[in-house]
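Chemist: Structure below; questions to follow.
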Amino acid sequence: VPAPSTGASTGASAAAAAATAPQHLRQAFADAGGLALPYQEGLCYAFELMHPDVPTVVPAPSPRLVHLTTRSLAGVFAELPPSERFFPQEEGADTLVGRPEVVDFNSFNDCRVAARMLPWDDEGFVVEESNGTRVKVKSFAYKSMQRLLVGDSEAVDEDALCVALTLARASTALPPSQAELVNAWRGRAQEISGGCAARLGAAAPRGGG
């Protein structure tokens with residue numbers, strides 16, 4: 001989490017910001033409820049911290065933690081079984097700490113196919129293999145938006161079209177800097193699909209009277 005900006009940057013101010021960064025991270029972790037959890041000795045907990053001050057494709061509206069997994073510090077640093085790795089939650093309890101949504105796939109390829117269909121505001125999946133290895137499989141449209149926002153896209157129109165084709169499934173408003181471009185490609189895609197539908201309708205055989 002970046003430290004608050006104080007204006008012009010100098011070597012001294014940059015060094016001071018770097019020195020205070022851990023304090024800001026600790027405060028953000030505390031704001032998300034991370035210091036109030038019932039930790040157990042001998043375990044290592046992994047979280048993802050989402051915060052409004054951290055620029056991402058889909059900025060978080062408020063500090064929030066997702067508890068990814070828990071490992072044992074003994075032996076080979078193995079992950080705990082799924083039934084034991086998360087903090088207990090009361091039914092309907094209001095908590096800032098979430099859990100990953102678990103989705104089962106028959107194969108890695110099935111996961112890749114599903115990721116291709118996700119909207120631009122859904123990052124994708126993390127595949128957990130039986131040996132503990134984790135592989136992130138990102139949504140194609142998410143990566144397209146990421147390139148557009150960063151400014152390193154090698155095919156801006158293709159990335160904008162990839163995002164545009166998922167707008168109907170997205171639940172987040174487009175970033176203002178990319179809204180005009182993406183909506184323009186959405187309009188083009190709708191014109192093409194409408195024209196194709198009209199031609200197919202005209203070519204379809206008509207029933208006799």
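To be explicit about the labels: the chains of the structure tokens are called A, B, and onward in the order shown, and within each one the residues are counted from 1, while ligands get numbers from 1 in the order they are shown.
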Quick one: DSSP helix (DSSP H, G or I) residues in range 16-207 of chain A, as an NGL selection string?

Modeler: :A and (16-31 or 34-36 or 108-116 or 140-150 or 156-164 or 167-169 or 176-203)

Chemist: For the atom pair CA of Glu123 in chain A and CA of Glu158 in chain A, what is the interatomic distance in Å to one decimal place?

Modeler: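 The value is 18.5 Å.
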
Chemist: Output as CSV one row per residue of range 23-101 of chain A within 12 Å of range 175-180 of chain A: the closest atom pair and its distance in Å to one decimal place, counting only C-alpha atoms, sorted by chain and residue number ascending.

Modeler:
```
residue,atom,partner,partner_atom,distance
A:Pro55,CA,A:Pro175,CA,11.5
A:Thr56,CA,A:Pro175,CA,10.7
A:Val57,CA,A:Pro175,CA,8.4
A:Val58,CA,A:Pro175,CA,8.6
A:Pro59,CA,A:Pro175,CA,9.9
```

Chemist: Return the single residue from A:Met145, A:Leu68, A:Arg188, A:Ala60 that is closest to Cys162 in chain A, with distances computed using only C-alpha atoms.

Modeler: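 Closest to Cys162 in chain A of all the choices is A:Met145.
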
Chemist: Rounded to one decimal in Å, what is the spacing between CA of Pro52 in chain A and CA of Arg147 in chain A?

Modeler: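 Going from CA of Pro52 in chain A over to CA of Arg147 in chain A covers 20.0 Å.
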
Chemist: Quick check, in Å to one decimal: how far apart do CA of Ala160 in chain A and CA of Gln190 in chain A lie?

Modeler: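 Computing the Euclidean distance for CA of Ala160 in chain A and CA of Gln190 in chain A yields 14.1 Å.
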
Chemist: Which is closest to Ala74 in chain A among A:Leu148, A:Val97, A:Cys44, A:Val102, if we use only C-alpha atoms?

Modeler: A:Cys44

Chemist: Find, counting only C-alpha atoms, the residue in A:Ala114, A:Val103, A:Leu37, A:Leu49 that gets nearest to Phe86 in chain A.

Modeler: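 That would be A:Leu37, the residue with the smallest distance to Phe86 in chain A.
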
Chemist: Can you check which residues of range 40-79 of chain A DSSP gives as strand (DSSP E or B) on the backbone and send them as a list in words?

Modeler: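 Of range 40-79 of chain A, the ones in strand (DSSP E or B) are Leu43, Cys44, Tyr45, Ala46, Phe47, Glu48, Leu49, Met50, Arg64, Leu65, Val66, His67, Leu68, Thr69, Thr70, Arg71, Ser72 and Glu79 of chain A.
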
Chemist: Output C-alpha atoms for every residue in that selection, as a PDB file, in the first residue's frame.

Modeler:
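Saved file again_29.pdb follows:
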```
ATOM      1  CA  LEU A  43       1.051 -22.310  11.191  1.00  0.00           C
ATOM      2  CA  CYS A  44       1.753 -19.908   8.319  1.00  0.00           C
ATOM      3  CA  TYR A  45      -1.234 -18.042   6.874  1.00  0.00           C
ATOM      4  CA  ALA A  46      -1.413 -16.642   3.341  1.00  0.00           C
ATOM      5  CA  PHE A  47      -3.744 -13.789   2.405  1.00  0.00           C
ATOM      6  CA  GLU A  48      -4.488 -11.544  -0.526  1.00  0.00           C
ATOM      7  CA  LEU A  49      -4.970  -7.931   0.573  1.00  0.00           C
ATOM      8  CA  MET A  50      -7.220  -5.748  -1.556  1.00  0.00           C
ATOM      9  CA  ARG A  64     -10.536  -6.595   2.383  1.00  0.00           C
ATOM     10  CA  LEU A  65      -8.641  -9.834   2.902  1.00  0.00           C
ATOM     11  CA  VAL A  66      -9.041 -13.179   1.189  1.00  0.00           C
ATOM     12  CA  HIS A  67      -7.579 -16.073   3.172  1.00  0.00           C
ATOM     13  CA  LEU A  68      -5.882 -18.181   0.501  1.00  0.00           C
ATOM     14  CA  THR A  69      -4.400 -21.057   2.461  1.00  0.00           C
ATOM     15  CA  THR A  70      -2.612 -22.189   5.616  1.00  0.00           C
ATOM     16  CA  ARG A  71       0.623 -24.189   5.837  1.00  0.00           C
ATOM     17  CA  SER A  72       2.267 -26.073   8.664  1.00  0.00           C
ATOM     18  CA  GLU A  79      -0.771 -27.055   3.198  1.00  0.00           C
TER      19      GLU A  79
END
```

Chemist: Please determine, counting only C-alpha atoms, which residue among A:Pro82, A:Pro119, A:Gly187, A:Pro205 has the shortest atom-to-atom distance to Ser144 in chain A.

Modeler: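 Comparing A:Pro82, A:Pro119, A:Gly187, A:Pro205 against Ser144 in chain A, the winner is A:Pro119.
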